[in-house]
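Raw contents of work27.tsv, TSV, C-alpha atoms:
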chain	number	residue	atom	x	y	z
A	2	MET	CA	-13.85	112.95	163.34
A	3	ALA	CA	-17.58	113.02	163.51
A	4	ASN	CA	-19.32	111.99	166.70
A	5	ILE	CA	-21.91	109.31	166.39
A	6	LYS	CA	-24.84	109.92	168.70
A	7	THR	CA	-27.97	107.88	169.12
A	8	VAL	CA	-31.06	109.93	168.39
A	9	GLU	CA	-33.57	109.96	171.22
A	10	LYS	CA	-36.60	111.04	169.22
A	11	LYS	CA	-37.41	108.36	166.69
A	12	THR	CA	-38.44	109.20	163.16
A	13	LYS	CA	-40.83	106.98	161.27
A	14	ALA	CA	-37.96	105.27	159.46
A	15	GLN	CA	-36.13	104.61	162.72
A	16	SER	CA	-39.21	103.20	164.44
A	17	MET	CA	-39.51	100.82	161.51
A	18	GLY	CA	-35.99	99.64	162.28
A	19	LEU	CA	-34.42	101.05	159.10
A	20	HIS	CA	-31.62	102.79	161.02
A	21	THR	CA	-30.82	103.60	164.63
A	22	GLU	CA	-28.16	106.28	164.51
A	23	VAL	CA	-27.23	109.40	162.56
A	24	LEU	CA	-23.99	111.30	162.13
A	25	LYS	CA	-23.92	114.44	164.25
A	26	GLY	CA	-21.58	117.37	163.90
A	27	LYS	CA	-19.24	118.31	161.10
A	28	THR	CA	-17.67	115.42	159.26
A	29	GLN	CA	-15.11	117.74	157.73
A	30	GLN	CA	-14.29	121.33	158.54
A	31	LYS	CA	-11.92	123.29	156.34
A	32	PHE	CA	-10.89	126.87	156.87
A	33	PHE	CA	-9.60	129.31	154.33
A	34	ASN	CA	-8.96	132.99	154.21
A	35	PRO	CA	-11.05	134.78	151.56
A	36	ASP	CA	-8.32	137.43	151.33
A	37	GLU	CA	-5.60	134.98	150.33
A	38	ALA	CA	-3.67	135.50	147.05
A	39	GLU	CA	-5.70	135.67	143.83
A	40	ASN	CA	-5.65	132.39	141.96
A	41	PHE	CA	-7.97	131.52	139.10
A	42	TYR	CA	-6.99	127.89	138.49
A	43	TYR	CA	-7.48	124.57	140.26
A	44	TRP	CA	-4.60	123.08	142.18
A	45	GLY	CA	-2.52	120.80	139.96
A	46	THR	CA	-3.68	122.18	136.59
A	47	TYR	CA	-1.26	123.23	133.86
A	48	ASP	CA	-0.24	126.81	133.19
A	49	VAL	CA	-1.00	127.14	129.48
A	50	ASP	CA	-0.70	130.02	127.04
A	51	PHE	CA	-3.51	130.57	124.48
A	52	ASN	CA	-0.94	131.99	122.05
A	53	LYS	CA	1.11	128.78	122.10
A	54	ARG	CA	-0.53	126.69	119.35
A	55	THR	CA	0.03	123.20	117.98
A	56	ASP	CA	-1.67	120.61	115.72
A	57	LEU	CA	-2.35	116.99	116.66
A	58	ASP	CA	-3.24	114.41	113.98
A	59	VAL	CA	-5.23	111.62	115.65
A	60	MET	CA	-5.91	109.58	112.50
A	61	ASN	CA	-3.84	106.60	113.68
A	62	MET	CA	-4.56	106.96	117.41
A	63	ASP	CA	-7.34	105.47	119.53
A	64	CYS	CA	-9.23	107.76	121.91
A	65	LYS	CA	-7.12	106.85	124.93
A	66	GLU	CA	-3.87	107.70	123.13
A	67	ALA	CA	-5.32	110.92	121.73
A	68	ASN	CA	-6.60	112.10	125.12
A	69	LYS	CA	-3.26	111.33	126.77
A	70	LYS	CA	-1.48	113.27	124.03
A	71	ILE	CA	-3.73	116.30	124.64
A	72	ASP	CA	-2.79	116.11	128.32
A	73	GLU	CA	0.90	115.94	127.43
A	74	LEU	CA	0.62	118.99	125.18
A	75	MET	CA	-1.10	120.95	127.96
A	76	SER	CA	1.72	119.99	130.33
A	77	GLN	CA	4.11	121.57	127.80
A	78	GLY	CA	2.17	124.83	128.02
A	79	TYR	CA	0.19	124.63	124.74
A	80	GLY	CA	-3.01	126.64	125.19
A	81	THR	CA	-4.43	126.15	121.68
A	82	ILE	CA	-4.57	122.62	120.28
A	83	VAL	CA	-6.02	121.80	116.85
A	84	ILE	CA	-7.10	118.16	116.45
A	85	LYS	CA	-6.83	116.95	112.84
A	86	ASN	CA	-8.72	113.94	111.45
A	87	PRO	CA	-10.91	113.04	114.45
A	88	GLN	CA	-12.92	110.89	111.98
A	89	GLY	CA	-15.91	110.43	114.28
A	90	LYS	CA	-13.94	108.68	117.01
A	91	HIS	CA	-15.76	108.23	120.32
A	92	SER	CA	-14.86	109.83	123.67
A	93	LEU	CA	-12.36	112.34	122.31
A	94	GLY	CA	-11.35	115.32	124.47
A	95	VAL	CA	-12.93	114.01	127.67
A	96	GLY	CA	-11.99	114.91	131.25
A	97	ILE	CA	-10.10	118.14	130.52
A	98	LEU	CA	-10.04	120.11	133.78
A	99	ASN	CA	-7.91	122.93	132.42
A	100	LYS	CA	-8.15	126.26	130.70
A	101	LEU	CA	-7.61	125.40	127.01
A	102	ASN	CA	-8.62	126.34	123.49
A	103	LEU	CA	-9.40	123.05	121.72
A	104	ILE	CA	-10.42	122.89	118.06
A	105	PHE	CA	-11.60	119.72	116.28
A	106	GLU	CA	-11.30	119.86	112.50
A	107	GLY	CA	-13.93	117.24	111.72
A	108	SER	CA	-16.71	115.32	113.46
A	109	LEU	CA	-16.84	113.45	116.78
A	110	GLY	CA	-18.54	110.17	117.70
A	111	TYR	CA	-20.32	109.30	120.95
A	112	PHE	CA	-19.56	110.93	124.32
A	113	GLY	CA	-17.24	113.58	122.89
A	114	ILE	CA	-15.76	116.22	125.23
A	115	GLY	CA	-17.54	114.79	128.29
A	116	SER	CA	-16.84	115.80	131.91
A	117	ILE	CA	-14.83	118.89	130.98
A	118	ASP	CA	-14.22	121.72	133.42
A	119	GLY	CA	-12.93	124.91	131.85
A	120	PRO	CA	-11.88	124.58	128.19
A	121	THR	CA	-13.29	126.41	125.19
A	122	VAL	CA	-13.99	123.81	122.49
A	123	ARG	CA	-14.99	124.22	118.86
A	124	VAL	CA	-16.06	121.29	116.67
A	125	ASN	CA	-16.08	122.14	112.95
A	126	GLY	CA	-18.35	119.19	112.18
A	127	ARG	CA	-21.06	117.07	113.80
A	128	VAL	CA	-21.19	115.21	117.11
A	129	GLY	CA	-22.80	111.90	118.12
A	130	TRP	CA	-24.79	110.94	121.21
A	131	SER	CA	-24.23	112.53	124.61
A	132	CYS	CA	-21.87	115.28	123.56
A	133	ALA	CA	-20.46	117.20	126.57
A	134	GLU	CA	-22.29	115.04	129.09
A	135	ASN	CA	-21.54	116.03	132.68
A	136	MET	CA	-19.76	119.18	131.49
A	137	MET	CA	-18.88	121.34	134.52
A	138	ALA	CA	-17.64	124.61	133.00
A	139	GLY	CA	-16.35	126.09	129.76
A	140	LYS	CA	-17.76	126.79	126.33
A	141	VAL	CA	-18.44	124.24	123.57
A	142	VAL	CA	-19.52	125.27	120.07
A	143	ILE	CA	-20.71	122.65	117.54
A	144	GLU	CA	-20.83	124.10	114.02
A	145	LYS	CA	-23.21	121.47	112.55
A	146	ASN	CA	-25.78	119.01	114.01
A	147	ALA	CA	-25.69	116.95	117.21
A	148	GLY	CA	-27.17	113.55	118.13
A	149	SER	CA	-29.41	112.55	121.01
A	150	CYS	CA	-28.84	113.37	124.68
A	151	PHE	CA	-26.92	116.53	123.80
A	152	GLY	CA	-25.62	117.94	127.11
A	153	ALA	CA	-26.91	115.05	129.21
A	154	ALA	CA	-26.54	115.81	132.94
A	155	LEU	CA	-24.90	119.14	132.10
A	156	ARG	CA	-23.78	120.87	135.30
A	157	GLY	CA	-22.40	124.17	134.08
A	158	GLY	CA	-20.98	126.17	131.19
A	159	ASP	CA	-22.30	127.01	127.73
A	160	LEU	CA	-23.05	124.24	125.25
A	161	ILE	CA	-23.93	125.52	121.80
A	162	CYS	CA	-25.07	123.68	118.66
A	163	LYS	CA	-25.51	125.88	115.62
A	164	GLY	CA	-27.49	123.16	113.81
A	165	SER	CA	-30.26	120.87	115.06
A	166	VAL	CA	-30.14	118.33	117.89
A	167	GLY	CA	-31.76	114.95	118.55
A	168	ALA	CA	-34.07	113.75	121.30
A	169	ARG	CA	-33.63	114.15	125.07
A	170	THR	CA	-31.43	117.25	124.84
A	171	GLY	CA	-30.49	118.37	128.36
A	172	ILE	CA	-31.80	115.20	129.97
A	173	ASP	CA	-31.17	115.40	133.74
A	174	GLN	CA	-29.56	118.83	133.31
A	175	LYS	CA	-28.36	120.25	136.63
A	176	GLY	CA	-27.05	123.63	135.52
A	177	GLY	CA	-25.45	125.52	132.65
A	178	THR	CA	-26.94	126.68	129.35
A	179	ILE	CA	-27.68	124.73	126.17
A	180	VAL	CA	-28.24	126.81	123.04
A	181	VAL	CA	-29.59	125.23	119.83
A	182	GLY	CA	-29.72	127.26	116.63
A	183	GLY	CA	-31.99	124.81	114.80
A	184	ASP	CA	-34.66	122.34	115.93
A	185	ALA	CA	-34.69	119.92	118.88
A	186	GLY	CA	-36.26	116.45	119.19
A	187	ALA	CA	-38.72	114.89	121.62
A	188	PHE	CA	-38.34	115.00	125.40
A	189	THR	CA	-36.09	118.06	125.37
A	190	GLY	CA	-35.29	118.99	129.00
A	191	PHE	CA	-36.51	115.61	130.28
A	192	MET	CA	-36.18	115.50	134.09
A	193	MET	CA	-34.16	118.72	134.05
A	194	GLN	CA	-33.38	120.01	137.52
A	195	ARG	CA	-31.69	123.33	136.93
A	196	GLY	CA	-30.11	125.44	134.19
A	197	ARG	CA	-31.43	126.86	130.96
A	198	ILE	CA	-32.15	125.57	127.43
A	199	ILE	CA	-32.61	127.91	124.46
A	200	ILE	CA	-34.07	126.47	121.22
A	201	LEU	CA	-34.36	128.95	118.37
A	202	GLY	CA	-36.24	126.54	116.10
A	203	ASP	CA	-39.06	124.07	116.65
A	204	VAL	CA	-39.12	121.43	119.37
A	205	GLY	CA	-40.70	117.95	119.43
A	206	ILE	CA	-43.24	116.36	121.74
A	207	ASN	CA	-43.11	116.21	125.56
A	208	LEU	CA	-41.00	119.32	126.10
A	209	GLY	CA	-39.70	119.55	129.69
A	210	ASP	CA	-41.33	116.30	130.74
A	211	SER	CA	-41.07	115.79	134.54
A	212	MET	CA	-38.80	118.79	134.96
A	213	TYR	CA	-38.12	119.76	138.59
A	214	ASP	CA	-36.75	123.22	137.92
A	215	GLY	CA	-34.87	125.26	135.32
A	216	THR	CA	-36.07	127.24	132.30
A	217	ILE	CA	-36.58	126.40	128.61
A	218	TYR	CA	-36.95	129.12	125.97
A	219	VAL	CA	-38.37	128.11	122.56
A	220	GLY	CA	-38.40	130.33	119.48
A	221	GLY	CA	-40.45	128.07	117.15
A	222	LYS	CA	-43.34	125.64	117.48
A	223	ILE	CA	-43.71	123.25	120.42
A	224	GLY	CA	-44.86	119.69	119.63
A	225	SER	CA	-46.44	119.30	123.07
A	226	PHE	CA	-45.70	120.07	126.71
A	227	GLY	CA	-44.53	117.21	128.93
A	228	SER	CA	-45.87	116.39	132.37
A	229	ASP	CA	-45.62	119.39	134.75
A	230	ALA	CA	-44.07	121.73	132.15
A	231	VAL	CA	-45.95	125.04	132.04
A	232	GLU	CA	-45.67	128.32	130.15
A	233	SER	CA	-44.48	131.37	132.07
A	234	PRO	CA	-44.42	135.07	131.07
A	235	MET	CA	-41.16	136.52	129.73
A	236	THR	CA	-39.58	139.23	131.88
A	237	LYS	CA	-37.17	142.05	131.01
A	238	SER	CA	-34.39	140.16	132.75
A	239	ASP	CA	-35.10	137.12	130.50
A	240	ILE	CA	-34.91	139.28	127.37
A	241	ASP	CA	-31.67	141.00	128.43
A	242	TRP	CA	-30.04	137.70	129.38
A	243	LEU	CA	-31.19	135.95	126.16
A	244	ASN	CA	-29.80	138.73	123.97
A	245	ARG	CA	-26.52	138.54	125.82
A	246	LYS	CA	-26.32	134.73	125.67
A	247	LEU	CA	-27.13	134.54	121.94
A	248	ASN	CA	-24.35	137.02	121.32
A	249	VAL	CA	-21.96	134.78	123.30
A	250	ALA	CA	-23.25	131.77	121.34
A	251	GLU	CA	-22.51	133.53	118.03
A	252	ILE	CA	-26.00	132.74	116.68
A	253	GLY	CA	-29.41	134.34	116.37
A	254	ASP	CA	-28.39	137.75	115.01
A	255	ASN	CA	-31.52	139.93	114.84
A	256	PHE	CA	-33.60	137.16	116.46
A	257	ASP	CA	-36.55	138.65	118.36
A	258	VAL	CA	-36.18	136.95	121.76
A	259	SER	CA	-39.23	138.73	123.20
A	260	LYS	CA	-41.45	136.44	121.09
A	261	MET	CA	-39.98	133.26	122.53
A	262	THR	CA	-42.02	130.91	124.72
A	263	LYS	CA	-40.71	130.46	128.26
A	264	VAL	CA	-41.35	127.07	129.85
A	265	VAL	CA	-40.80	126.29	133.55
A	266	ALA	CA	-41.72	123.53	136.01
A	267	GLY	CA	-45.25	123.61	137.39
A	268	LYS	CA	-43.80	122.00	140.55
A	269	LYS	CA	-46.87	119.84	140.99
A	270	LEU	CA	-44.72	116.73	140.89
A	271	TRP	CA	-42.70	117.99	143.88
A	272	ASN	CA	-43.53	115.64	146.71
A	273	TYR	CA	-40.83	115.93	149.31
A	274	ASP	CA	-43.22	114.93	152.10
A	275	ALA	CA	-43.31	111.39	150.74
A	276	LEU	CA	-39.60	111.01	151.52
A	277	GLU	CA	-38.12	110.07	154.83
A	278	PRO	CA	-35.83	112.73	156.42
A	279	THR	CA	-32.59	110.94	155.63
A	280	GLU	CA	-33.55	110.58	151.99
A	281	LYS	CA	-34.63	114.21	151.85
A	282	LYS	CA	-31.13	115.53	152.42
A	283	GLY	CA	-30.02	113.94	149.19
A	284	ALA	CA	-33.03	115.06	147.22
A	285	ILE	CA	-32.95	118.81	147.83
B	226	MET	CA	-53.10	150.67	168.64
B	227	SER	CA	-53.84	148.76	165.46
B	228	LYS	CA	-51.18	150.78	163.57
B	229	LYS	CA	-48.50	149.68	166.04
B	230	LYS	CA	-49.46	146.03	165.61
B	231	ASN	CA	-49.15	146.33	161.82
B	232	LYS	CA	-45.67	147.88	162.12
B	233	LYS	CA	-44.44	144.97	164.21
B	234	LYS	CA	-45.68	142.49	161.61
B	235	LYS	CA	-43.85	144.35	158.81
B	236	ASN	CA	-40.52	144.15	160.67
B	237	LYS	CA	-40.83	140.41	161.01
B	238	GLU	CA	-41.40	140.01	157.27
B	239	THR	CA	-38.27	142.03	156.39
B	240	LYS	CA	-36.18	139.81	158.64
B	241	GLY	CA	-37.58	136.79	156.85
B	242	GLN	CA	-36.40	138.08	153.48
B	243	LEU	CA	-32.80	137.91	154.63
B	244	GLY	CA	-32.98	134.15	154.73
B	245	LYS	CA	-34.32	133.68	158.23
B	246	LYS	CA	-37.66	132.47	157.01
B	247	ARG	CA	-39.83	130.77	159.56
B	248	GLU	CA	-39.82	127.02	159.21
B	249	SER	CA	-42.97	125.23	158.18
B	250	ALA	CA	-44.50	122.71	160.59
B	251	ARG	CA	-43.15	119.90	158.45
B	252	GLU	CA	-39.65	121.42	158.43
B	253	LYS	CA	-39.73	121.78	162.21
B	254	MET	CA	-40.72	118.16	162.60
B	255	ILE	CA	-37.99	116.74	160.40
B	256	GLY	CA	-35.39	119.38	161.33
B	257	GLN	CA	-34.43	120.03	157.72
B	258	THR	CA	-35.18	122.59	155.04
B	259	ILE	CA	-37.56	121.60	152.26
B	260	GLY	CA	-36.72	122.98	148.85
B	261	TYR	CA	-34.69	126.09	148.11
B	262	ARG	CA	-34.90	129.34	150.09
B	263	TYR	CA	-33.73	131.36	147.14
B	264	ASP	CA	-34.62	131.59	143.48
B	265	VAL	CA	-32.42	129.07	141.66
B	266	ASN	CA	-33.63	130.43	138.31
B	267	LEU	CA	-32.58	134.04	139.03
B	268	LEU	CA	-30.64	135.32	136.02
B	269	PRO	CA	-27.50	137.33	136.84
B	270	ASP	CA	-27.47	141.09	136.51
B	271	TYR	CA	-24.15	141.77	134.77
B	272	SER	CA	-24.12	145.42	135.85
B	273	ARG	CA	-23.33	144.17	139.38
B	274	ILE	CA	-20.33	142.02	138.49
B	275	THR	CA	-17.29	142.46	140.78
B	276	PRO	CA	-13.74	143.31	139.57
B	277	PHE	CA	-12.49	139.90	140.78
B	278	LEU	CA	-15.07	138.06	138.68
B	279	LYS	CA	-14.18	140.20	135.65
B	280	LYS	CA	-10.55	139.14	136.02
B	281	TYR	CA	-11.56	135.48	136.44
B	282	ILE	CA	-13.65	135.51	133.23
B	283	GLU	CA	-10.80	137.14	131.33
B	284	ALA	CA	-8.23	134.64	132.66
B	285	MET	CA	-10.41	131.70	131.57
B	286	GLY	CA	-11.04	133.17	128.11
B	287	TRP	CA	-14.86	133.24	128.49
B	288	ASP	CA	-17.37	135.92	127.51
B	289	ASP	CA	-19.64	135.78	130.56
B	290	LEU	CA	-19.99	134.24	134.02
B	291	ASN	CA	-20.29	130.78	132.45
B	292	TRP	CA	-20.80	128.13	135.17
B	293	LEU	CA	-21.06	130.81	137.84
B	294	GLU	CA	-24.48	131.81	136.47
B	295	ASP	CA	-25.86	128.90	138.50
B	296	VAL	CA	-24.21	129.94	141.76
B	297	HIS	CA	-26.42	131.71	144.29
B	298	MET	CA	-26.19	132.69	147.92
B	299	GLY	CA	-28.16	130.14	149.89
B	300	TYR	CA	-28.48	129.23	153.55
B	301	GLU	CA	-27.16	126.44	155.71
B	302	GLU	CA	-28.33	126.21	159.30
B	303	ASP	CA	-29.71	129.77	159.00
B	304	ARG	CA	-26.33	131.17	158.00
B	305	PRO	CA	-25.58	132.57	154.54
B	306	ALA	CA	-23.69	129.96	152.56
B	307	VAL	CA	-22.77	128.94	149.03
B	308	PHE	CA	-22.95	125.36	147.75
B	309	ASP	CA	-19.63	123.95	146.53
B	310	ARG	CA	-20.38	121.22	143.98
B	311	ASN	CA	-16.76	120.00	144.07
B	312	ALA	CA	-16.80	119.39	147.82
B	313	ASN	CA	-20.52	118.49	147.79
B	314	GLY	CA	-21.21	120.71	150.77
B	315	TRP	CA	-22.17	124.21	151.86
B	316	VAL	CA	-19.46	126.79	152.53
B	317	THR	CA	-20.63	129.31	155.11
B	318	ILE	CA	-19.84	132.97	154.54
B	319	PRO	CA	-17.40	134.50	157.07
B	320	LYS	CA	-19.23	136.61	159.66
B	321	LYS	CA	-17.01	139.63	159.01
B	322	ILE	CA	-18.41	139.99	155.48
B	323	LYS	CA	-21.38	142.34	155.59
B	324	LEU	CA	-23.94	141.19	153.06
B	325	PRO	CA	-26.05	143.60	151.00
B	326	ASN	CA	-29.83	143.29	150.91
B	327	ASN	CA	-30.00	142.77	147.15
B	328	GLN	CA	-29.97	139.11	146.05
B	329	GLN	CA	-28.03	139.98	142.85
B	330	ASP	CA	-25.21	141.54	144.90
B	331	ARG	CA	-25.28	138.66	147.36
B	332	ASP	CA	-25.00	136.19	144.46
B	333	MET	CA	-21.94	138.04	143.10
B	334	ILE	CA	-20.27	137.80	146.52
B	335	ALA	CA	-21.15	134.10	146.69
B	336	ARG	CA	-19.58	133.55	143.23
B	337	GLU	CA	-16.41	135.38	144.19
B	338	LEU	CA	-16.01	133.49	147.45
B	339	LEU	CA	-16.69	130.14	145.78
B	340	VAL	CA	-14.01	130.71	143.12
B	341	LYS	CA	-11.53	131.73	145.84
B	342	PHE	CA	-12.40	128.67	147.91
B	343	GLN	CA	-12.23	126.20	145.00
B	344	MET	CA	-8.86	127.52	143.84
B	345	SER	CA	-7.44	127.63	147.37
B	346	PRO	CA	-4.73	125.09	148.36
B	347	ASN	CA	-6.93	124.46	151.44
B	348	HIS	CA	-9.80	123.08	149.36
B	349	PRO	CA	-10.75	119.47	150.30
B	350	LEU	CA	-10.29	118.38	146.67
B	351	VAL	CA	-6.55	119.08	146.91
B	352	ASP	CA	-6.11	116.33	149.52
B	353	LEU	CA	-8.22	113.95	147.44
B	354	LYS	CA	-6.21	114.69	144.31
B	355	LYS	CA	-2.95	114.13	146.15
B	356	ALA	CA	-4.21	110.77	147.42
B	357	TYR	CA	-6.05	109.38	144.41
B	358	ARG	CA	-4.94	111.17	141.25
B	359	LYS	CA	-3.99	108.64	138.56
B	360	PHE	CA	-2.24	110.90	136.02
Conversion result in structure tokens:
Amino acid sequence: MANIKTVEKKTKAQSMGLHTEVLKGKTQQKFFNPDEAENFYYWGTYDVDFNKRTDLDVMNMDCKEANKKIDELMSQGYGTIVIKNPQGKHSLGVGILNKLNLIFEGSLGYFGIGSIDGPTVRVNGRVGWSCAENMMAGKVVIEKNAGSCFGAALRGGDLICKGSVGARTGIDQKGGTIVVGGDAGAFTGFMMQRGRIIILGDVGINLGDSMYDGTIYVGGKIGSFGSDAVESPMTKSDIDWLNRKLNVAEIGDNFDVSKMTKVVAGKKLWNYDALEPTEKKGAI
Amino acid sequence: MSKKKNKKKKNKETKGQLGKKRESAREKMIGQTIGYRYDVNLLPDYSRITPFLKKYIEAMGWDDLNWLEDVHMGYEEDRPAVFDRNANGWVTIPKKIKLPNNQQDRDMIARELLVKFQMSPNHPLVDLKKAYRKF
């Protein structure tokens, strides 16, 4: 249990009467041995085999039924699941926290494959708004175009669209990599905090508007830079990493990455001093 | 005399690079770190990948470090630590692990330790899952 101690020295917030006490000490301490047995999977996830394959026709199912069925198949050890007739249904394939090879034969609606942690997903069609939002880990490949807010609040993993994407791609991105083979709309990388966006084509207005951190690489023309987004020189490490990532993304063969424009945060909007100490802990 | 003074200054700077940077006046006043003390945009050098991480990537069926590209060795209360997004807290590195000077190597160690911690039955998320898991 944490000890609650009254702070003697008052901060500005405390003198204003906003709070009088803070938590001191560790609220939770957990110990583990880094040499314990090798395990690559989360506790409670299913042991699946990529070579065990099955088809699932979701034509007459709603998204809740379809997602539950995917979970059931994983519990039976299926490591490769092919979804037939998704027919643009919303919220398909969400919340998968397992190693899995998931293939959609068709297009998805809004919020497809959101909040996933681990699977490799391929969509042989298009996707609607907010595809793979809050994705934690894994690899998602969209063969055609994607709607707005592609990879919203992305936290990790590789999100790839071989076609073009709509506006606000990577909005509030906190990690991971978004790769777009075609063009991207306005406000790409809006309020991005971390991670990387690669656009091989052109990008719309206000690129990287109000970005805190992270990197955006653009191969084509830039409509305009957003507030606090600035150009930065490409380094050898950027070029090596871009070549590697485009190879992983299965796009951009023979694309000259050295000619791309690198955009980063100017960090002039950073104003931590305006925050009170207790707020600061959450902001950094 | 002046040469000796310069040498002393150099030593202090080297110590600072290992994460023991001197706090700014503002940081001293509020008792907290402002911003990151490491480069969050540092791209991984794949030539320094560890055998454990290679096995992990292979087991997950990925082609690269995937989400681990965003994991770096940071600092919590002046001790080397790695941020665990699942537990929403810093995991300090055991003292017995001797850390190299190179940030790329340190990041690889941080990645390895984080995977081991997250997959451990002692991870805080295990208790939460047991208590609140719906299906």
Can you build me a table of chain B residues sitting at most 9 Å from chain A, with the closest atom pair per residue and its distance in Å to one decimal, using all atoms listed in the file, sorted by chain and residue number, as JSON lines?
{"residue": "B:Arg251", "atom": "CA", "partner": "A:Asp274", "partner_atom": "CA", "distance": 8.1}
{"residue": "B:Ile255", "atom": "CA", "partner": "A:Pro278", "partner_atom": "CA", "distance": 6.0}
{"residue": "B:Gly256", "atom": "CA", "partner": "A:Pro278", "partner_atom": "CA", "distance": 8.3}
{"residue": "B:Gln257", "atom": "CA", "partner": "A:Pro278", "partner_atom": "CA", "distance": 7.5}
{"residue": "B:Thr258", "atom": "CA", "partner": "A:Ile285", "partner_atom": "CA", "distance": 8.4}
{"residue": "B:Ile259", "atom": "CA", "partner": "A:Ile285", "partner_atom": "CA", "distance": 7.0}
{"residue": "B:Gly260", "atom": "CA", "partner": "A:Ile285", "partner_atom": "CA", "distance": 5.7}
{"residue": "B:Tyr261", "atom": "CA", "partner": "A:Ile285", "partner_atom": "CA", "distance": 7.5}
{"residue": "B:Val265", "atom": "CA", "partner": "A:Arg195", "partner_atom": "CA", "distance": 7.5}
{"residue": "B:Asn266", "atom": "CA", "partner": "A:Gly215", "partner_atom": "CA", "distance": 6.1}
{"residue": "B:Leu267", "atom": "CA", "partner": "A:Ser238", "partner_atom": "CA", "distance": 9.0}
{"residue": "B:Leu268", "atom": "CA", "partner": "A:Ser238", "partner_atom": "CA", "distance": 6.9}
{"residue": "B:Pro269", "atom": "CA", "partner": "A:Trp242", "partner_atom": "CA", "distance": 7.9}
{"residue": "B:Asp270", "atom": "CA", "partner": "A:Ser238", "partner_atom": "CA", "distance": 7.9}
{"residue": "B:Tyr271", "atom": "CA", "partner": "A:Trp242", "partner_atom": "CA", "distance": 9.0}
{"residue": "B:Phe277", "atom": "CA", "partner": "A:Glu39", "partner_atom": "CA", "distance": 8.6}
{"residue": "B:Lys280", "atom": "CA", "partner": "A:Phe41", "partner_atom": "CA", "distance": 8.6}
{"residue": "B:Tyr281", "atom": "CA", "partner": "A:Phe41", "partner_atom": "CA", "distance": 6.0}
{"residue": "B:Ala284", "atom": "CA", "partner": "A:Phe41", "partner_atom": "CA", "distance": 7.2}
{"residue": "B:Met285", "atom": "CA", "partner": "A:Lys100", "partner_atom": "CA", "distance": 6.0}
{"residue": "B:Gly286", "atom": "CA", "partner": "A:Thr121", "partner_atom": "CA", "distance": 7.7}
{"residue": "B:Trp287", "atom": "CA", "partner": "A:Lys140", "partner_atom": "CA", "distance": 7.4}
{"residue": "B:Asp288", "atom": "CA", "partner": "A:Val249", "partner_atom": "CA", "distance": 6.3}
{"residue": "B:Asp289", "atom": "CA", "partner": "A:Val249", "partner_atom": "CA", "distance": 7.7}
{"residue": "B:Leu290", "atom": "CA", "partner": "A:Gly158", "partner_atom": "CA", "distance": 8.6}
{"residue": "B:Asn291", "atom": "CA", "partner": "A:Gly158", "partner_atom": "CA", "distance": 4.8}
{"residue": "B:Trp292", "atom": "CA", "partner": "A:Gly157", "partner_atom": "CA", "distance": 4.4}
{"residue": "B:Leu293", "atom": "CA", "partner": "A:Gly157", "partner_atom": "CA", "distance": 7.7}
{"residue": "B:Glu294", "atom": "CA", "partner": "A:Gly177", "partner_atom": "CA", "distance": 7.4}
{"residue": "B:Asp295", "atom": "CA", "partner": "A:Gly176", "partner_atom": "CA", "distance": 6.2}
{"residue": "B:Pro319", "atom": "CA", "partner": "A:Pro35", "partner_atom": "CA", "distance": 8.4}
{"residue": "B:Leu338", "atom": "CA", "partner": "A:Pro35", "partner_atom": "CA", "distance": 6.6}
{"residue": "B:Val340", "atom": "CA", "partner": "A:Phe41", "partner_atom": "CA", "distance": 7.3}
{"residue": "B:Lys341", "atom": "CA", "partner": "A:Pro35", "partner_atom": "CA", "distance": 6.5}
{"residue": "B:Phe342", "atom": "CA", "partner": "A:Phe33", "partner_atom": "CA", "distance": 7.0}
{"residue": "B:Gln343", "atom": "CA", "partner": "A:Tyr43", "partner_atom": "CA", "distance": 6.9}
{"residue": "B:Met344", "atom": "CA", "partner": "A:Tyr43", "partner_atom": "CA", "distance": 4.8}
{"residue": "B:Ser345", "atom": "CA", "partner": "A:Asn40", "partner_atom": "CA", "distance": 7.4}
{"residue": "B:Pro346", "atom": "CA", "partner": "A:Trp44", "partner_atom": "CA", "distance": 6.5}
{"residue": "B:Asn347", "atom": "CA", "partner": "A:Phe33", "partner_atom": "CA", "distance": 6.2}
{"residue": "B:His348", "atom": "CA", "partner": "A:Lys31", "partner_atom": "CA", "distance": 7.3}
{"residue": "B:Pro349", "atom": "CA", "partner": "A:Lys31", "partner_atom": "CA", "distance": 7.2}
{"residue": "B:Leu350", "atom": "CA", "partner": "A:Trp44", "partner_atom": "CA", "distance": 8.6}
{"residue": "B:Val351", "atom": "CA", "partner": "A:Trp44", "partner_atom": "CA", "distance": 6.5}
{"residue": "B:Lys354", "atom": "CA", "partner": "A:Gly45", "partner_atom": "CA", "distance": 8.4}
Interatomic distance, CA of Glu73 (chain A) to CA of Asn135 (chain A) (Å, one decimal) = 23.0 Å
For CA of Phe105 (chain A) and CA of Asp56 (chain A), determine how far apart the two atoms are, in Å to one decimal place.
->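 Rounded to one decimal, the two atoms are 10.0 Å apart.
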Mind pulling up the distance from CA of Asp264 (chain B) to CA of Asp184 (chain A)?
->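 Here the two named atoms are 29.1 Å from each other.
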Scan for residues within 12 Å of the point (-16.5, 112.6, 114.4) in the coordinates of the file, using all atoms listed in the file, and reply as a PyMOL selection string.
-> chain A and resi 59-60+64+84-94+105-114+124-130+132+143+145-148
With only C-alpha atoms as the atoms that count, which of A:Asn207, A:Asn255, A:Thr46, A:Gln174 lies nearest to Thr189 (chain A)?
-> A:Asn207
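Residues with at least one atom no more than 7 Å from (-46.1, 114.5, 122.0), using only C-alpha atoms, are Gly205, Ile206, Asn207, Gly224 and Ser225 of chain A.
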